[in-house]
Amino acid sequence: MTTRAVVRGVGHYLPEKVVPNSWFEDKLDTSDEWIKSRSGIERRHFVAKGETTSQMAAKAASNALEMAGLEPDDIDAIIVATSTADLTFPSAATMVQAQLNMTRGFAFDVQAVCAGFVFALSQANALILSGQARRVIVIGAETFSNILDWTDRGTCVLFGDGAGAVVIEGEEMSGTNADRGILATDLQSDGRHRDILYVNGGVSTQSTGTLQMQGKEVFRHAVEKLAKTAHTSLEKLGLTGDDVDWMVPHQANLRIIKSTAQKMGIDMDRVIVTVQDHGNTSAASIPLALSTGVEQGKIKPGDLVVTEAIGGGLAWGSVIIRW
């Protein structure tokens with residue numbers, strides 16, 4: 001017998017404010033057509049004044065708990081993947097713990113930018129396999145609208161705010177590829193590429209800073225590394241792209257998604273795509289897409305799901321899940 005971290009529930013939260021591409025047209029030299037043709041994005045959500053990352057994360061977690069049929073005190077740990085926590089410290093995860101009125105267990109943040117959710121999910125899996133936790137909520141939540149340069153049409157039109165969450169629980173399985181739960185993971189990083197995607201502020205500069213990106217370089221690295229990490233995880237299981245029911249990629253750019261799917265030999269009708277409605281929500285994008293895919297009746301029990309993401313660092317990785 002083998003312990004697997006099985007998905008029990010998913011949930012998400014999006015701010016009420018919907019921002020169409022046309023919102024930018026009187027502020028920048030851009031247009032709806034220009035944005036759509038380069039990214040596939042049609043709209044995104046921005047937080048209301050005073051709305052925070054931890055608040056969105058807590059709402060997504062509550063929705064995931066409801067689907068799982070669990071209460072907050074049934075949970076052993078909370079991991080929040082975010083680059084836009086409310087404060088320098090304490091962690092957004094402990095704030096979520098308080099907002100859920102969870103009186104036991106532990107909580108911490110993971111920071112791997114857009115790859116944050118796959119890193120956090122991998123860590124949650126390790127906690128369950130090691131026996132340190134039985135049930136874990138893994139959340140991706142971001143308020144990127146707070147760190148955008150509103151004069152840079154190459155970046156500010158791409159990002160949005162939101163949160164997604166999954167509840168995973170340890171369960172004894174047979175130890176084969178047919179098991180439900182997390183079957184394989186792959187995590188990578190290369191700090192030599194820091195300058196192609198970063199925020200030019202932080203504690204050392206005593207400023208928040210704004211997002212800086214070399215779009216062409218990010219695109220080049222993304223397509224190559226996303227396909228490779230997904231293949232690496234699948235190879236650990238003796239599987240290929242043909243065995244995948246759903247690819248749920250980081251929702252950064254439709255062209256990246258299509259190119260990655262092509263490299264993996266996966267038709268676009270087997271790819272969950274939400275970038276048109278949410279924009280790039282960084283660490284929130286995969287759990288948002290997972291929750292949307294379940295809500296739409298696409299992802300079903302028994303489906304093999306591959307998730308992969310890349311973000312600043314550079315950091316990238318993948319997780320293979322049998323739903």
# chains A, B, ... in the order shown; residues from 1 in each chain; ligands from 1
>>> residues_around(residues="Gly202 of chain A", least_positions_apart="4", cutoff="12 Å", atoms="only C-alpha atoms", output="list in words")
Ser83, Thr84, Leu87, Thr88, Ile147, Tyr198, Gln206, Ser207, Thr208, Gly209, Thr210 and Leu211 of chain A
>>> write_last_selection(atoms="C-alpha atoms", output="short mmCIF file (atom, residue, chain, number, x, y, z; two decimals), in the first residue's frame")
data_model
loop_
_atom_site.label_atom_id
_atom_site.label_comp_id
_atom_site.auth_asym_id
_atom_site.auth_seq_id
_atom_site.Cartn_x
_atom_site.Cartn_y
_atom_site.Cartn_z
CA SER A 83 4.14 36.93 -4.06
CA THR A 84 1.74 39.62 -2.87
CA LEU A 87 2.33 42.36 4.86
CA THR A 88 6.05 41.58 4.91
CA ILE A 147 2.55 45.95 -8.17
CA TYR A 198 11.22 40.56 -11.26
CA GLN A 206 12.07 50.09 1.42
CA SER A 207 9.65 50.25 -1.50
CA THR A 208 7.00 48.00 -3.02
CA GLY A 209 8.32 48.34 -6.56
CA THR A 210 6.64 47.33 -9.80
CA LEU A 211 6.79 44.29 -12.04
#
>>> residues_around(residues="Ala124 of chain A", least_positions_apart="4", cutoff="9 Å", atoms="only C-alpha atoms", output="tab-separated table (two decimals) with C-alpha atoms, in the first residue's frame")
chain	number	residue	atom	x	y	z
A	5	ALA	CA	-2.48	12.93	-1.42
A	77	ALA	CA	-1.97	22.69	7.57
A	78	ILE	CA	-2.49	25.66	5.26
A	79	ILE	CA	0.02	26.60	2.58
A	119	PHE	CA	5.75	24.34	-5.42
A	120	ALA	CA	3.18	24.60	-2.61
A	128	ILE	CA	1.26	14.07	3.80
A	129	LEU	CA	3.68	11.38	2.61
A	133	ALA	CA	-0.16	16.17	8.08
A	135	ARG	CA	-5.26	17.09	5.39
A	136	VAL	CA	-3.80	20.25	3.84
A	137	ILE	CA	-5.37	23.27	2.14
A	138	VAL	CA	-3.15	24.57	-0.67
A	168	ILE	CA	-5.88	17.31	-0.26
>>> select_by_dssp(residues="segment 48-221 of chain A", states="alpha helix (DSSP H)", output="number ranges by chain")
A: 53-68, 92-99, 116-129, 215-221
>>> write_last_selection(atoms="N, CA and C atoms", output="CSV table (one decimal), in the first residue's frame")
chain,number,residue,atom,x,y,z
A,53,THR,N,-5.0,40.0,-0.3
A,53,THR,CA,-4.7,38.6,-0.7
A,53,THR,C,-5.2,37.6,0.3
A,54,SER,N,-5.0,37.8,1.6
A,54,SER,CA,-5.5,36.8,2.6
A,54,SER,C,-7.0,36.7,2.6
A,55,GLN,N,-7.7,37.8,2.4
A,55,GLN,CA,-9.1,37.7,2.3
A,55,GLN,C,-9.6,36.9,1.2
A,56,MET,N,-9.0,37.1,0.0
A,56,MET,CA,-9.4,36.3,-1.2
A,56,MET,C,-9.0,34.8,-0.9
A,57,ALA,N,-7.9,34.6,-0.4
A,57,ALA,CA,-7.4,33.2,-0.1
A,57,ALA,C,-8.4,32.5,0.9
A,58,ALA,N,-8.8,33.2,1.9
A,58,ALA,CA,-9.7,32.6,2.9
A,58,ALA,C,-11.1,32.2,2.2
A,59,LYS,N,-11.6,33.1,1.3
A,59,LYS,CA,-12.8,32.8,0.6
A,59,LYS,C,-12.7,31.6,-0.3
A,60,ALA,N,-11.6,31.5,-1.0
A,60,ALA,CA,-11.4,30.3,-1.9
A,60,ALA,C,-11.2,29.1,-1.0
A,61,ALA,N,-10.5,29.2,0.1
A,61,ALA,CA,-10.4,28.0,1.0
A,61,ALA,C,-11.7,27.6,1.5
A,62,SER,N,-12.6,28.5,1.9
A,62,SER,CA,-13.9,28.2,2.4
A,62,SER,C,-14.7,27.4,1.4
A,63,ASN,N,-14.6,27.8,0.1
A,63,ASN,CA,-15.3,27.1,-0.9
A,63,ASN,C,-14.8,25.7,-1.2
A,64,ALA,N,-13.5,25.6,-1.1
A,64,ALA,CA,-12.9,24.3,-1.2
A,64,ALA,C,-13.3,23.3,0.0
A,65,LEU,N,-13.3,23.9,1.2
A,65,LEU,CA,-13.7,23.1,2.3
A,65,LEU,C,-15.2,22.7,2.2
A,66,GLU,N,-16.0,23.5,1.7
A,66,GLU,CA,-17.4,23.2,1.5
A,66,GLU,C,-17.6,22.0,0.5
A,67,MET,N,-16.8,22.1,-0.6
A,67,MET,CA,-16.9,20.9,-1.5
A,67,MET,C,-16.4,19.6,-0.9
A,68,ALA,N,-15.4,19.8,-0.1
A,68,ALA,CA,-14.8,18.6,0.6
A,68,ALA,C,-15.7,18.1,1.7
A,92,ALA,N,0.7,35.3,4.9
A,92,ALA,CA,-0.7,35.3,4.5
A,92,ALA,C,-1.5,34.1,5.0
A,93,ALA,N,-0.7,33.0,5.1
A,93,ALA,CA,-1.4,31.7,5.5
A,93,ALA,C,-1.9,31.8,7.0
A,94,THR,N,-1.1,32.4,7.9
A,94,THR,CA,-1.6,32.5,9.2
A,94,THR,C,-2.8,33.4,9.3
A,95,MET,N,-2.8,34.4,8.4
A,95,MET,CA,-4.0,35.3,8.4
A,95,MET,C,-5.2,34.5,7.9
A,96,VAL,N,-5.0,33.7,6.9
A,96,VAL,CA,-6.1,32.8,6.5
A,96,VAL,C,-6.6,31.9,7.6
A,97,GLN,N,-5.6,31.3,8.3
A,97,GLN,CA,-5.9,30.5,9.4
A,97,GLN,C,-6.9,31.2,10.4
A,98,ALA,N,-6.5,32.4,10.7
A,98,ALA,CA,-7.4,33.2,11.6
A,98,ALA,C,-8.7,33.5,11.1
A,99,GLN,N,-8.8,33.9,9.8
A,99,GLN,CA,-10.1,34.2,9.2
A,99,GLN,C,-11.0,33.0,9.0
A,116,GLY,N,4.3,29.3,-7.9
A,116,GLY,CA,4.1,29.1,-6.5
A,116,GLY,C,3.2,27.9,-6.2
A,117,PHE,N,2.1,27.8,-6.9
A,117,PHE,CA,1.1,26.8,-6.6
A,117,PHE,C,1.7,25.4,-6.8
A,118,VAL,N,2.4,25.1,-7.8
A,118,VAL,CA,3.0,23.8,-8.0
A,118,VAL,C,4.0,23.5,-6.9
A,119,PHE,N,4.8,24.5,-6.5
A,119,PHE,CA,5.8,24.3,-5.4
A,119,PHE,C,5.0,24.0,-4.1
A,120,ALA,N,3.9,24.8,-3.8
A,120,ALA,CA,3.2,24.6,-2.6
A,120,ALA,C,2.5,23.2,-2.6
A,121,LEU,N,1.9,22.8,-3.7
A,121,LEU,CA,1.3,21.5,-3.8
A,121,LEU,C,2.3,20.4,-3.6
A,122,SER,N,3.5,20.6,-4.1
A,122,SER,CA,4.5,19.6,-3.9
A,122,SER,C,4.9,19.5,-2.5
A,123,GLN,N,5.0,20.6,-1.8
A,123,GLN,CA,5.3,20.6,-0.4
A,123,GLN,C,4.2,20.0,0.5
A,124,ALA,N,2.9,20.3,0.1
A,124,ALA,CA,1.8,19.7,0.8
A,124,ALA,C,1.8,18.2,0.6
A,125,ASN,N,2.1,17.7,-0.6
A,125,ASN,CA,2.2,16.3,-0.8
A,125,ASN,C,3.3,15.7,0.1
A,126,ALA,N,4.5,16.3,0.2
A,126,ALA,CA,5.5,15.8,1.0
A,126,ALA,C,5.1,15.7,2.5
A,127,LEU,N,4.4,16.7,3.0
A,127,LEU,CA,3.9,16.7,4.4
A,127,LEU,C,3.0,15.5,4.6
A,128,ILE,N,2.2,15.2,3.6
A,128,ILE,CA,1.3,14.1,3.8
A,128,ILE,C,2.0,12.7,3.7
A,129,LEU,N,2.9,12.6,2.8
A,129,LEU,CA,3.7,11.4,2.6
A,129,LEU,C,4.6,11.1,3.8
A,215,GLY,N,9.4,40.3,-22.1
A,215,GLY,CA,8.4,39.4,-22.5
A,215,GLY,C,8.9,38.3,-23.5
A,216,LYS,N,9.8,38.7,-24.5
A,216,LYS,CA,10.3,37.7,-25.4
A,216,LYS,C,11.1,36.6,-24.8
A,217,GLU,N,12.0,37.0,-23.8
A,217,GLU,CA,12.8,36.1,-23.1
A,217,GLU,C,12.0,35.1,-22.3
A,218,VAL,N,11.0,35.7,-21.6
A,218,VAL,CA,10.1,34.9,-20.7
A,218,VAL,C,9.4,33.9,-21.6
A,219,PHE,N,8.9,34.3,-22.7
A,219,PHE,CA,8.2,33.4,-23.7
A,219,PHE,C,9.1,32.2,-24.1
A,220,ARG,N,10.3,32.6,-24.5
A,220,ARG,CA,11.3,31.5,-24.9
A,220,ARG,C,11.5,30.5,-23.9
A,221,HIS,N,11.8,30.9,-22.7
A,221,HIS,CA,12.1,30.0,-21.6
A,221,HIS,C,10.8,29.2,-21.2
>>> select_by_dssp(residues="segment 115-269 of chain A", states="strand (DSSP E or B)", output="PyMOL selection string")
chain A and resi 135-143+159+161-173+181-189+197-199+202+207+211-213+246-249
>>> decode(residues="segment 86-126 of chain A", atoms="N, CA and C atoms", output="tab-separated table (two decimals), in the first residue's frame")
chain	number	residue	atom	x	y	z
A	86	ASP	N	-0.26	40.25	2.24
A	86	ASP	CA	-0.76	41.52	2.79
A	86	ASP	C	0.37	42.35	3.39
A	87	LEU	N	1.25	41.69	4.14
A	87	LEU	CA	2.33	42.36	4.86
A	87	LEU	C	3.63	41.61	4.64
A	88	THR	N	4.76	42.27	4.97
A	88	THR	CA	6.05	41.58	4.91
A	88	THR	C	6.02	40.35	5.81
A	89	PHE	N	5.52	40.49	7.00
A	89	PHE	CA	5.15	39.37	7.87
A	89	PHE	C	4.08	39.85	8.81
A	90	PRO	N	3.25	38.99	9.37
A	90	PRO	CA	3.29	37.53	9.28
A	90	PRO	C	2.80	37.03	7.92
A	91	SER	N	2.87	35.72	7.75
A	91	SER	CA	2.48	35.10	6.49
A	91	SER	C	0.99	35.30	6.21
A	92	ALA	N	0.67	35.31	4.91
A	92	ALA	CA	-0.75	35.34	4.53
A	92	ALA	C	-1.46	34.09	5.04
A	93	ALA	N	-0.74	32.98	5.10
A	93	ALA	CA	-1.35	31.71	5.53
A	93	ALA	C	-1.86	31.77	6.97
A	94	THR	N	-1.10	32.41	7.86
A	94	THR	CA	-1.58	32.52	9.24
A	94	THR	C	-2.79	33.45	9.32
A	95	MET	N	-2.83	34.45	8.44
A	95	MET	CA	-4.01	35.32	8.39
A	95	MET	C	-5.23	34.54	7.90
A	96	VAL	N	-5.02	33.67	6.92
A	96	VAL	CA	-6.12	32.81	6.46
A	96	VAL	C	-6.58	31.90	7.59
A	97	GLN	N	-5.63	31.34	8.31
A	97	GLN	CA	-5.95	30.47	9.45
A	97	GLN	C	-6.87	31.18	10.43
A	98	ALA	N	-6.55	32.44	10.72
A	98	ALA	CA	-7.37	33.22	11.65
A	98	ALA	C	-8.74	33.52	11.07
A	99	GLN	N	-8.79	33.88	9.78
A	99	GLN	CA	-10.07	34.21	9.15
A	99	GLN	C	-11.00	33.00	9.05
A	100	LEU	N	-10.42	31.82	8.96
A	100	LEU	CA	-11.22	30.59	8.93
A	100	LEU	C	-11.62	30.12	10.33
A	101	ASN	N	-11.11	30.82	11.37
A	101	ASN	CA	-11.32	30.40	12.75
A	101	ASN	C	-10.80	28.99	12.99
A	102	MET	N	-9.67	28.69	12.37
A	102	MET	CA	-9.01	27.41	12.53
A	102	MET	C	-8.10	27.49	13.75
A	103	THR	N	-8.34	26.65	14.74
A	103	THR	CA	-7.67	26.78	16.04
A	103	THR	C	-6.57	25.75	16.25
A	104	ARG	N	-6.22	25.00	15.22
A	104	ARG	CA	-5.18	23.98	15.36
A	104	ARG	C	-4.33	23.95	14.09
A	105	GLY	N	-3.31	23.12	14.09
A	105	GLY	CA	-2.49	22.95	12.90
A	105	GLY	C	-1.48	24.07	12.70
A	106	PHE	N	-0.94	24.19	11.50
A	106	PHE	CA	0.08	25.19	11.20
A	106	PHE	C	-0.14	25.75	9.81
A	107	ALA	N	0.51	26.91	9.55
A	107	ALA	CA	0.29	27.61	8.29
A	107	ALA	C	1.55	28.37	7.90
A	108	PHE	N	1.84	28.36	6.59
A	108	PHE	CA	3.01	29.10	6.10
A	108	PHE	C	2.84	29.42	4.63
A	109	ASP	N	3.64	30.37	4.14
A	109	ASP	CA	3.61	30.80	2.75
A	109	ASP	C	4.74	30.16	1.95
A	110	VAL	N	4.52	30.06	0.64
A	110	VAL	CA	5.54	29.66	-0.32
A	110	VAL	C	5.62	30.75	-1.37
A	111	GLN	N	6.84	31.17	-1.72
A	111	GLN	CA	7.02	32.24	-2.70
A	111	GLN	C	7.85	31.72	-3.86
A	112	ALA	N	7.18	31.39	-4.96
A	112	ALA	CA	7.87	31.00	-6.19
A	112	ALA	C	7.17	31.66	-7.38
A	113	VAL	N	6.57	32.82	-7.10
A	113	VAL	CA	5.89	33.66	-8.09
A	113	VAL	C	4.85	32.82	-8.84
A	114	CYS	N	4.86	32.84	-10.17
A	114	CYS	CA	3.80	32.15	-10.93
A	114	CYS	C	3.87	30.63	-10.77
A	115	ALA	N	5.02	30.11	-10.37
A	115	ALA	CA	5.16	28.67	-10.12
A	115	ALA	C	4.80	28.31	-8.69
A	116	GLY	N	4.35	29.28	-7.93
A	116	GLY	CA	4.12	29.08	-6.50
A	116	GLY	C	3.18	27.94	-6.17
A	117	PHE	N	2.10	27.79	-6.94
A	117	PHE	CA	1.12	26.76	-6.59
A	117	PHE	C	1.70	25.36	-6.75
A	118	VAL	N	2.44	25.11	-7.85
A	118	VAL	CA	2.99	23.77	-8.00
A	118	VAL	C	4.04	23.49	-6.93
A	119	PHE	N	4.80	24.51	-6.51
A	119	PHE	CA	5.75	24.34	-5.42
A	119	PHE	C	5.01	24.04	-4.11
A	120	ALA	N	3.94	24.80	-3.85
A	120	ALA	CA	3.18	24.60	-2.61
A	120	ALA	C	2.49	23.24	-2.59
A	121	LEU	N	1.94	22.83	-3.73
A	121	LEU	CA	1.26	21.53	-3.81
A	121	LEU	C	2.26	20.40	-3.60
A	122	SER	N	3.45	20.57	-4.13
A	122	SER	CA	4.50	19.57	-3.92
A	122	SER	C	4.88	19.47	-2.45
A	123	GLN	N	4.97	20.63	-1.78
A	123	GLN	CA	5.31	20.62	-0.35
A	123	GLN	C	4.19	20.00	0.48
A	124	ALA	N	2.94	20.29	0.12
A	124	ALA	CA	1.81	19.68	0.82
A	124	ALA	C	1.82	18.17	0.65
A	125	ASN	N	2.13	17.72	-0.56
A	125	ASN	CA	2.24	16.28	-0.82
A	125	ASN	C	3.31	15.66	0.07
A	126	ALA	N	4.46	16.34	0.19
A	126	ALA	CA	5.54	15.82	1.03
A	126	ALA	C	5.14	15.75	2.50
